[in-house]
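A.B. asks: Here's a structure for you.
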Amino acid sequence: MKSRHLIDLSSDLSVSEWEEITNLACDIRKNIDSYYGACRGKILATLFYEPSTRTQMSFQTAMLRLGGRIIGFDNPANSSVAKGENLKDTVRVVGGYSDIIVIRHPLPGSAKAASLYSRVPVINAGDGGHFHPTQTLTDLVTLRHEKGTFSGLCIGLCGDLKNGRTVHSLIKALAEFPGNSFVLISTPSLRIPAYIKDYLSSIGSPWQEIDNLADAMPLIDVLYMTRIQRERFASESEYYEQRGLFVLDEKKMSLAKKELIVMHPLPRVDEIAVEVDDDPRAKYFEQTEYGLYARMALIMKMLDGQTKQSEALPRPADIVCSNPDCITQHETYVPGVFRKTGDILVCDYCDERAQL
Amino acid sequence: MKSRHLIDLSSDLSVSEWEEITNLACDIRKNIDSYYGACRGKILATLFYEPSTRTQMSFQTAMLRLGGRIIGFDNPANSSVAKGENLKDTVRVVGGYSDIIVIRHPLPGSAKAASLYSRVPVINAGDGGHFHPTQTLTDLVTLRHEKGTFSGLCIGLCGDLKNGRTVHSLIKALAEFPGNSFVLISTPSLRIPAYIKDYLSSIGSPWQEIDNLADAMPLIDVLYMTRIQRERFASESEYYEQRGLFVLDEKKMSLAKKELIVMHPLPRVDEIAVEVDDDPRAKYFEQTEYGLYARMALIMKMLDGQTKQSEALPRPADIVCSNPDCITQHETYVPGVFRKTGDILVCDYCDERAQL
Amino acid sequence: MKSRHLIDLSSDLSVSEWEEITNLACDIRKNIDSYYGACRGKILATLFYEPSTRTQMSFQTAMLRLGGRIIGFDNPANSSVAKGENLKDTVRVVGGYSDIIVIRHPLPGSAKAASLYSRVPVINAGDGGHFHPTQTLTDLVTLRHEKGTFSGLCIGLCGDLKNGRTVHSLIKALAEFPGNSFVLISTPSLRIPAYIKDYLSSIGSPWQEIDNLADAMPLIDVLYMTRIQRERFASESEYYEQRGLFVLDEKKMSLAKKELIVMHPLPRVDEIAVEVDDDPRAKYFEQTEYGLYARMALIMKMLDGQTKQSEALPRPADIVCSNPDCITQHETYVPGVFRKTGDILVCDYCDERAQL
């Protein structure tokens, strides 16, 4: 692999590695029993600084189905963290117990910071609203299975497109493949950030914004639904007025292509009516199973040939990141690192931009 | 098995299946090491919507002793449930990860509702005050071992007979076998429900009610003790006046047969004096071990030859259940189902009766 | 082993058994893969009546690396304990599920009390501020690896020497070997108890007290750092005045021998500056790995040839322990046991002394 760790899909895996992992996931799905034992004697540690039972259970199941073992915590109030231990020490100690670490943490950049101090591979299972690469891998495996391709698709994305990290990451991933176009379905206040639209335009990927789901249904091959949290709407009245426009039900399904597939990262609340579950085009439950195979493939690939080792730390930059949530503001021993893009400096942990 | 799931002992297992499972449990007890590996590569998920460490640990140990693996949660506040996910979605997703699901939930009918949506077998580990079939299986395995029979026994049941579901279920189970009689020992306010006494009379099983434990001791072959919660007494003064009448101590033990066995579903608080623990007739600690073998036997039987599959949902009834705690009142997509007994309709989830 | 249980290092293991375990731990470290399977089919239960994720994870990892399985709880609020179950019943029941029990409990003497009722070996993972024998085993394995000897060393101990049980236990252990001397580094209010100094003097082990770390650095072969909790200082102003004197940084490291090793039971807060981590003499992260090997060796040794059995209870003494925190004050069925030293009676559970 390009990197020993998986913090961000685009930075840490090449496109050919995505394909390799999704192909391996397909084979695991067909022959799951023959992979039992692939990680015999190995231990996966899940360090969940904020609870997320579903994600944790998916990683744990993946390791158990490979014949490995699991340790970890889901409640930092019970752990050494509550005694004031820093991230570095926790990662150093747990790396002495385990062969691979999965970390989820509320602060952006935390998984990257953890990886600096880890002698074993680190997988980012969500660092605040920043990255969640295994969800995107899950989405890719779902497309591979259900559509047979990553190319030539018209993808509708519906819900909170402003704050949804899984949406941003999926668009970025699919933009790597030819012939994809995007239909962005949301309220005016939850539109996708301008820089993503600019990026799509710059590479010639067609996109359009539509402000209700019904109009989008006939156009799309894939519908990616996400939760809209009530508090994300501009106002309470906007919520009551608008939410019906974005709820998927059988009536809206009747407007869609016969080959449509409906995806959702789950858990859903009420943005998809229960009646849709029986429509053969609904693939969100299958999607969580694909997520299991994706994580099995990833763990196998990351453990392959790895030995425990420490790497040299980067040289610290002269400036500090200005994002108050950035992990470097909370764990001050972590060396600041920035990359230059034009006359912009971008924090390597949280991707906050700073003018030079 | 009669059913793929175990929600209620009487509905889901035939009497010959009870005997098959208790016999298998006996063999496991004698040759436990030879069963290690019987569930190799299989995963059991424990979904505990209310905590019950003891029950959860017993199922987990059972699966581990069979060579299988375990996932699950015991704190729904940390899980997707806290984000508003419904029971159906949780069961669909976890069924994609695991081979068998154990569910405990505060609402009656919840395990039955969960089983409708599960592609893998579901075991009810307690749905509110409703059913707890593996406790009854545990009790049967204990009788098989310690008395060698399910028939011809005089069984004393002591404590809260009004609210104790394990007591109701055990009486119902033993009434299937010939020659059993029942001594019901409780305060007037905690008597067993009339319908159970009516049932025993209707099938010709002798029973009597006694309002203190000492008088019952000489009569019985089996004493089944349960906790009496202080708040169940009619009044605080009744509690202080009466509780001594129902506490088992060595003095009361001295009134009993030499072959008596004492059972208790545990945990106990103070309804059995610690001094009784050393009496060879005290079998409540052994009983928890029999529970382990019972659960091992059950898991083996339920996984045997099972493949993941979904079943058709029942057609919803025209009426809704009137029990405000019934799962169908809380998860409204669950189809109402009723069975007719005379001119009574009984809810298939929580067993609430409705006049036609 | 001298005892089936490990409650206290000195009472339950002979010095030759310490050496046997540390030697086995060394071999495990070199050939860890060849020990996978040593505990196949065995189950370790962790009963944590107060949370300590790090210690629990270390025991769990040890058992998993030996090919065994794990059950347990870390939150008694979720367990039968919350329903009022006593320690004896919990241990009896869990001993029916598992092959070895690790217990951590806030009350002194609790692990000893638990061991009385257990049919399987019990390991004390901390009983209040009383004993924590596997931490001391960890320290010994670290010394064996890093210094190659337990003898002829000058050991500095720094921090809260008054309340630190790991410090007391390590001094007691090293005093068993010839040629060791001790440098005790603390504020006046956190000095080591007089009885330990008296003991060292009585066996002819040299010791001195020093009230700042810099002066001690040139003298020592081993530096054992511990946390000083702010609330342990005599006053807030003493804290701010003095704490700098006890923080280890690179400047103080520059005063030390080239062969010094720095140990810390972890988690640290800020008593060791992060810059020291890169000094090759810093061994505290390695120390946690040695703790894993120590626990693997201990579990193997304790399971070796053990069968489940109950032992006779000791005869209760005529007096009760006067320590209000002693487990015998909280679980009153536990028989009081005292040992006589001169005209002093010492409680066998919490080591409180009573005048005859």
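Note on naming: chains are A, B, ... as they come in the structure tokens, residues start from 1 per chain, ligands start from 1 in the order shown.
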I'd like the neighbourhood of Leu345 of chain A as a ChimeraX atom specification, where a residue qualifies if any of its atoms comes within 12 Å (using only C-alpha atoms), though same-chain residues fewer than 3 positions away should be ignored.
C.D. replies: /A:317-322,336-342,348-356
A.B. asks: Pull out every residue of chain C sitting within 6 Å of chain A, counting only C-alpha atoms, and send them as a list in words.
C.D. replies: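 So the residues of chain C near chain A are Pro51, Ser52, Thr53, Pro267, Val269 and Glu289 of chain C.
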A.B. asks: Can you list, as a ChimeraX atom specification, every protein, DNA or RNA residue that comes within 10 Å of His130 of chain B when you count only C-alpha atoms, leaving out same-chain residues fewer than 2 positions away?
C.D. replies: /B:8,106-110,126-128,132-133,163-166,168-169,349-351
A.B. asks: Looking at B:Lys30, B:Lys251, B:Arg268, B:Lys301, which one is nearest to Phe285 of chain B, with distances taken over only C-alpha atoms?
C.D. replies: B:Arg268
A.B. asks: Go through segment 143-244 of chain C and collect every residue that DSSP, computed from the backbone, puts in alpha helix (DSSP H); the answer should be as an mmCIF file with N, CA and C atoms, in the first residue's frame.
C.D. replies:
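Listing of part18.cif after writing:
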```cif
data_model
loop_
_atom_site.group_PDB
_atom_site.id
_atom_site.type_symbol
_atom_site.label_atom_id
_atom_site.label_comp_id
_atom_site.auth_asym_id
_atom_site.auth_seq_id
_atom_site.Cartn_x
_atom_site.Cartn_y
_atom_site.Cartn_z
ATOM 1 N N LEU C 143 12.894 -5.076 34.698
ATOM 2 C CA LEU C 143 14.268 -5.069 35.208
ATOM 3 C C LEU C 143 15.068 -6.245 34.650
ATOM 4 N N ARG C 144 14.460 -7.416 34.631
ATOM 5 C CA ARG C 144 15.132 -8.599 34.086
ATOM 6 C C ARG C 144 15.594 -8.345 32.653
ATOM 7 N N HIS C 145 14.709 -7.741 31.844
ATOM 8 C CA HIS C 145 15.077 -7.491 30.448
ATOM 9 C C HIS C 145 16.093 -6.376 30.304
ATOM 10 N N GLU C 146 15.839 -5.297 30.984
ATOM 11 C CA GLU C 146 16.589 -4.080 30.686
ATOM 12 C C GLU C 146 17.883 -3.996 31.484
ATOM 13 N N ARG C 165 0.928 2.381 46.004
ATOM 14 C CA ARG C 165 1.062 0.970 46.369
ATOM 15 C C ARG C 165 2.070 0.249 45.489
ATOM 16 N N THR C 166 2.187 0.689 44.208
ATOM 17 C CA THR C 166 3.134 -0.014 43.338
ATOM 18 C C THR C 166 4.557 0.237 43.818
ATOM 19 N N VAL C 167 4.797 1.418 44.360
ATOM 20 C CA VAL C 167 6.119 1.753 44.891
ATOM 21 C C VAL C 167 6.439 0.879 46.108
ATOM 22 N N HIS C 168 5.497 0.792 47.032
ATOM 23 C CA HIS C 168 5.729 -0.008 48.243
ATOM 24 C C HIS C 168 6.020 -1.451 47.879
ATOM 25 N N SER C 169 5.235 -1.957 46.949
ATOM 26 C CA SER C 169 5.348 -3.360 46.595
ATOM 27 C C SER C 169 6.677 -3.642 45.886
ATOM 28 N N LEU C 170 7.110 -2.706 45.036
ATOM 29 C CA LEU C 170 8.372 -2.899 44.321
ATOM 30 C C LEU C 170 9.550 -2.872 45.300
ATOM 31 N N ILE C 171 9.529 -1.949 46.256
ATOM 32 C CA ILE C 171 10.612 -1.878 47.243
ATOM 33 C C ILE C 171 10.689 -3.197 48.022
ATOM 34 N N LYS C 172 9.532 -3.661 48.456
ATOM 35 C CA LYS C 172 9.465 -4.912 49.219
ATOM 36 C C LYS C 172 10.047 -6.067 48.400
ATOM 37 N N ALA C 173 9.713 -6.078 47.096
ATOM 38 C CA ALA C 173 10.194 -7.168 46.244
ATOM 39 C C ALA C 173 11.710 -7.076 46.056
ATOM 40 N N LEU C 174 12.225 -5.884 45.772
ATOM 41 C CA LEU C 174 13.654 -5.754 45.471
ATOM 42 C C LEU C 174 14.511 -5.915 46.723
ATOM 43 N N ALA C 194 6.971 5.260 57.408
ATOM 44 C CA ALA C 194 8.106 4.915 58.273
ATOM 45 C C ALA C 194 8.353 3.407 58.328
ATOM 46 N N TYR C 195 7.280 2.603 58.283
ATOM 47 C CA TYR C 195 7.500 1.162 58.468
ATOM 48 C C TYR C 195 8.320 0.557 57.332
ATOM 49 N N ILE C 196 8.233 1.192 56.151
ATOM 50 C CA ILE C 196 9.037 0.679 55.033
ATOM 51 C C ILE C 196 10.515 1.028 55.238
ATOM 52 N N LYS C 197 10.751 2.258 55.686
ATOM 53 C CA LYS C 197 12.141 2.635 55.973
ATOM 54 C C LYS C 197 12.716 1.765 57.092
ATOM 55 N N ASP C 198 11.915 1.538 58.119
ATOM 56 C CA ASP C 198 12.361 0.673 59.218
ATOM 57 C C ASP C 198 12.722 -0.715 58.701
ATOM 58 N N TYR C 199 11.868 -1.227 57.812
ATOM 59 C CA TYR C 199 12.111 -2.555 57.277
ATOM 60 C C TYR C 199 13.435 -2.600 56.501
ATOM 61 N N LEU C 200 13.629 -1.591 55.655
ATOM 62 C CA LEU C 200 14.867 -1.554 54.871
ATOM 63 C C LEU C 200 16.074 -1.505 55.810
ATOM 64 N N SER C 201 16.005 -0.659 56.815
ATOM 65 C CA SER C 201 17.114 -0.560 57.766
ATOM 66 C C SER C 201 17.348 -1.901 58.456
ATOM 67 N N SER C 202 16.252 -2.567 58.818
ATOM 68 C CA SER C 202 16.377 -3.814 59.582
ATOM 69 C C SER C 202 17.077 -4.904 58.782
ATOM 70 N N ILE C 203 16.914 -4.875 57.458
ATOM 71 C CA ILE C 203 17.588 -5.916 56.669
ATOM 72 C C ILE C 203 18.904 -5.404 56.083
ATOM 73 N N LEU C 213 14.467 15.926 42.321
ATOM 74 C CA LEU C 213 14.877 14.868 41.402
ATOM 75 C C LEU C 213 16.275 15.094 40.836
ATOM 76 N N ALA C 214 16.655 16.381 40.597
ATOM 77 C CA ALA C 214 17.944 16.675 39.964
ATOM 78 C C ALA C 214 19.104 16.110 40.797
ATOM 79 N N ASP C 215 19.034 16.281 42.105
ATOM 80 C CA ASP C 215 20.128 15.798 42.957
ATOM 81 C C ASP C 215 20.254 14.280 42.927
ATOM 82 N N ALA C 216 19.133 13.610 42.678
ATOM 83 C CA ALA C 216 19.159 12.144 42.692
ATOM 84 C C ALA C 216 19.680 11.560 41.388
ATOM 85 N N GLU C 236 -2.246 23.953 47.842
ATOM 86 C CA GLU C 236 -2.187 24.397 46.450
ATOM 87 C C GLU C 236 -0.867 25.133 46.192
ATOM 88 N N SER C 237 -0.444 25.957 47.153
ATOM 89 C CA SER C 237 0.787 26.726 46.933
ATOM 90 C C SER C 237 2.000 25.782 46.930
ATOM 91 N N GLU C 238 1.981 24.764 47.784
ATOM 92 C CA GLU C 238 3.082 23.791 47.750
ATOM 93 C C GLU C 238 3.140 23.117 46.388
ATOM 94 N N TYR C 239 1.944 22.836 45.823
ATOM 95 C CA TYR C 239 1.898 22.202 44.508
ATOM 96 C C TYR C 239 2.631 23.053 43.472
ATOM 97 N N TYR C 240 2.273 24.337 43.393
ATOM 98 C CA TYR C 240 2.866 25.185 42.365
ATOM 99 C C TYR C 240 4.350 25.426 42.608
ATOM 100 N N GLU C 241 4.738 25.512 43.873
ATOM 101 C CA GLU C 241 6.121 25.739 44.241
ATOM 102 C C GLU C 241 6.990 24.532 43.909
ATOM 103 N N GLN C 242 6.458 23.356 44.176
ATOM 104 C CA GLN C 242 7.317 22.175 44.224
ATOM 105 C C GLN C 242 7.242 21.247 43.020
#
```
A.B. asks: Quick check, in Å to one decimal: how far apart do atom CA of Pro335 of chain B and atom CA of Asn323 of chain B lie?
C.D. replies: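 Result for atom CA of Pro335 of chain B versus atom CA of Asn323 of chain B: 14.9 Å, one decimal.
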A.B. asks: Please indicate the distance in Å from atom CA of Ser118 of chain C to atom CA of Val91 of chain C, rounded to one decimal place.
C.D. replies: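 Separation between atom CA of Ser118 of chain C and atom CA of Val91 of chain C: 5.9 Å.
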A.B. asks: When you look at segment 22-29 of chain C with a cut-off of 8 Å (counting only C-alpha atoms), what residues show up, excluding the ones that are within fewer than 6 positions of it in the same chain? I need them as a PyMOL selection string.
C.D. replies: chain C and resi 35+137+140-141+144-145+290+293-294+296-297
A.B. asks: Quick one: distance from atom CA of Glu231 of chain A to atom CA of Thr187 of chain A in Å, one decimal?
C.D. replies: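 So the two atoms, atom CA of Glu231 of chain A and atom CA of Thr187 of chain A, lie 13.2 Å apart.
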A.B. asks: Could you pull out the residues in segment 80-316 of chain B that DSSP calls strand (DSSP E) from the backbone, as a ChimeraX atom specification?
C.D. replies: /B:100-105,122-127,154-158,181-185,207-210,222-225,261-263
A.B. asks: Those residues you just picked out, can you put them in a file as an mmCIF file, in the first residue's frame with N, CA and C atoms?
C.D. replies:
```
data_model
loop_
_atom_site.group_PDB
_atom_site.id
_atom_site.type_symbol
_atom_site.label_atom_id
_atom_site.label_comp_id
_atom_site.auth_asym_id
_atom_site.auth_seq_id
_atom_site.Cartn_x
_atom_site.Cartn_y
_atom_site.Cartn_z
ATOM 1 N N ILE B 100 -26.490 -15.786 14.575
ATOM 2 C CA ILE B 100 -27.596 -15.998 15.500
ATOM 3 C C ILE B 100 -27.653 -14.785 16.425
ATOM 4 N N ILE B 101 -28.866 -14.369 16.770
ATOM 5 C CA ILE B 101 -29.047 -13.151 17.570
ATOM 6 C C ILE B 101 -29.753 -13.498 18.881
ATOM 7 N N VAL B 102 -29.233 -12.961 19.986
ATOM 8 C CA VAL B 102 -29.902 -13.042 21.289
ATOM 9 C C VAL B 102 -30.361 -11.631 21.638
ATOM 10 N N ILE B 103 -31.637 -11.485 21.937
ATOM 11 C CA ILE B 103 -32.150 -10.141 22.199
ATOM 12 C C ILE B 103 -32.809 -10.067 23.565
ATOM 13 N N ARG B 104 -32.515 -8.990 24.282
ATOM 14 C CA ARG B 104 -33.215 -8.668 25.521
ATOM 15 C C ARG B 104 -33.700 -7.232 25.400
ATOM 16 N N HIS B 105 -34.967 -7.005 25.776
ATOM 17 C CA HIS B 105 -35.608 -5.724 25.483
ATOM 18 C C HIS B 105 -36.674 -5.481 26.547
ATOM 19 N N VAL B 122 -33.388 -16.045 16.058
ATOM 20 C CA VAL B 122 -33.456 -15.115 17.182
ATOM 21 C C VAL B 122 -33.816 -15.882 18.456
ATOM 22 N N ILE B 123 -33.074 -15.613 19.525
ATOM 23 C CA ILE B 123 -33.399 -16.171 20.845
ATOM 24 C C ILE B 123 -33.846 -15.035 21.751
ATOM 25 N N ASN B 124 -34.982 -15.215 22.390
ATOM 26 C CA ASN B 124 -35.516 -14.243 23.346
ATOM 27 C C ASN B 124 -34.826 -14.429 24.700
ATOM 28 N N ALA B 125 -34.095 -13.409 25.134
ATOM 29 C CA ALA B 125 -33.448 -13.479 26.454
ATOM 30 C C ALA B 125 -34.183 -12.594 27.451
ATOM 31 N N GLY B 126 -35.491 -12.472 27.236
ATOM 32 C CA GLY B 126 -36.310 -11.647 28.138
ATOM 33 C C GLY B 126 -36.901 -10.466 27.407
ATOM 34 N N ASP B 127 -38.230 -10.433 27.268
ATOM 35 C CA ASP B 127 -38.896 -9.266 26.650
ATOM 36 C C ASP B 127 -39.843 -8.678 27.700
ATOM 37 N N CYS B 154 -43.324 -33.149 43.527
ATOM 38 C CA CYS B 154 -44.070 -32.110 44.226
ATOM 39 C C CYS B 154 -43.182 -30.869 44.279
ATOM 40 N N ILE B 155 -43.597 -29.828 43.554
ATOM 41 C CA ILE B 155 -42.748 -28.644 43.370
ATOM 42 C C ILE B 155 -43.293 -27.467 44.174
ATOM 43 N N GLY B 156 -42.481 -26.956 45.095
ATOM 44 C CA GLY B 156 -42.832 -25.747 45.825
ATOM 45 C C GLY B 156 -42.256 -24.525 45.140
ATOM 46 N N LEU B 157 -43.067 -23.488 44.993
ATOM 47 C CA LEU B 157 -42.577 -22.243 44.393
ATOM 48 C C LEU B 157 -42.840 -21.129 45.393
ATOM 49 N N CYS B 158 -41.815 -20.369 45.716
ATOM 50 C CA CYS B 158 -41.905 -19.427 46.828
ATOM 51 C C CYS B 158 -41.448 -18.032 46.428
ATOM 52 N N SER B 181 -47.288 -32.124 41.171
ATOM 53 C CA SER B 181 -48.201 -31.289 41.950
ATOM 54 C C SER B 181 -47.442 -30.048 42.413
ATOM 55 N N PHE B 182 -48.180 -29.004 42.765
ATOM 56 C CA PHE B 182 -47.573 -27.694 43.002
ATOM 57 C C PHE B 182 -47.987 -27.124 44.346
ATOM 58 N N VAL B 183 -47.021 -26.622 45.103
ATOM 59 C CA VAL B 183 -47.271 -25.930 46.357
ATOM 60 C C VAL B 183 -46.848 -24.478 46.162
ATOM 61 N N LEU B 184 -47.822 -23.578 46.270
ATOM 62 C CA LEU B 184 -47.598 -22.172 45.896
ATOM 63 C C LEU B 184 -47.487 -21.353 47.175
ATOM 64 N N ILE B 185 -46.298 -20.817 47.452
ATOM 65 C CA ILE B 185 -45.989 -20.216 48.749
ATOM 66 C C ILE B 185 -45.747 -18.722 48.581
ATOM 67 N N TRP B 207 -52.793 -28.672 43.165
ATOM 68 C CA TRP B 207 -52.043 -27.510 43.656
ATOM 69 C C TRP B 207 -52.655 -27.034 44.964
ATOM 70 N N GLN B 208 -51.845 -26.392 45.785
ATOM 71 C CA GLN B 208 -52.379 -25.752 46.990
ATOM 72 C C GLN B 208 -51.589 -24.488 47.264
ATOM 73 N N GLU B 209 -52.220 -23.535 47.947
ATOM 74 C CA GLU B 209 -51.549 -22.291 48.321
ATOM 75 C C GLU B 209 -51.242 -22.320 49.813
ATOM 76 N N ILE B 210 -50.032 -21.935 50.171
ATOM 77 C CA ILE B 210 -49.602 -21.932 51.577
ATOM 78 C C ILE B 210 -48.962 -20.566 51.832
ATOM 79 N N VAL B 222 -38.928 -30.341 45.368
ATOM 80 C CA VAL B 222 -38.166 -29.271 44.723
ATOM 81 C C VAL B 222 -38.670 -27.966 45.309
ATOM 82 N N LEU B 223 -37.732 -27.087 45.709
ATOM 83 C CA LEU B 223 -38.133 -25.755 46.156
ATOM 84 C C LEU B 223 -37.540 -24.723 45.204
ATOM 85 N N TYR B 224 -38.434 -23.982 44.566
ATOM 86 C CA TYR B 224 -37.977 -22.960 43.621
ATOM 87 C C TYR B 224 -38.174 -21.593 44.274
ATOM 88 N N MET B 225 -37.076 -20.996 44.714
ATOM 89 C CA MET B 225 -37.123 -19.701 45.399
ATOM 90 C C MET B 225 -36.990 -18.566 44.387
ATOM 91 N N ILE B 261 -34.318 -30.597 46.518
ATOM 92 C CA ILE B 261 -33.311 -29.703 45.919
ATOM 93 C C ILE B 261 -33.864 -28.289 45.947
ATOM 94 N N VAL B 262 -32.960 -27.335 46.207
ATOM 95 C CA VAL B 262 -33.335 -25.925 46.253
ATOM 96 C C VAL B 262 -32.794 -25.223 45.007
ATOM 97 N N MET B 263 -33.687 -24.551 44.274
ATOM 98 C CA MET B 263 -33.301 -23.825 43.059
ATOM 99 C C MET B 263 -33.596 -22.337 43.231
#
```
A.B. asks: Given the choices C:Ala234, C:Leu6, C:Leu153, C:Ala273, which gets closest to Ile220 of chain C if the distance is worked out from only C-alpha atoms?
C.D. replies: C:Leu153
A.B. asks: For Gly179 of chain B, work out the shell of residues within 8 Å, counting only C-alpha atoms and skipping chain neighbours fewer than 5 positions away, then give it as a count of residues only.
C.D. replies: 4
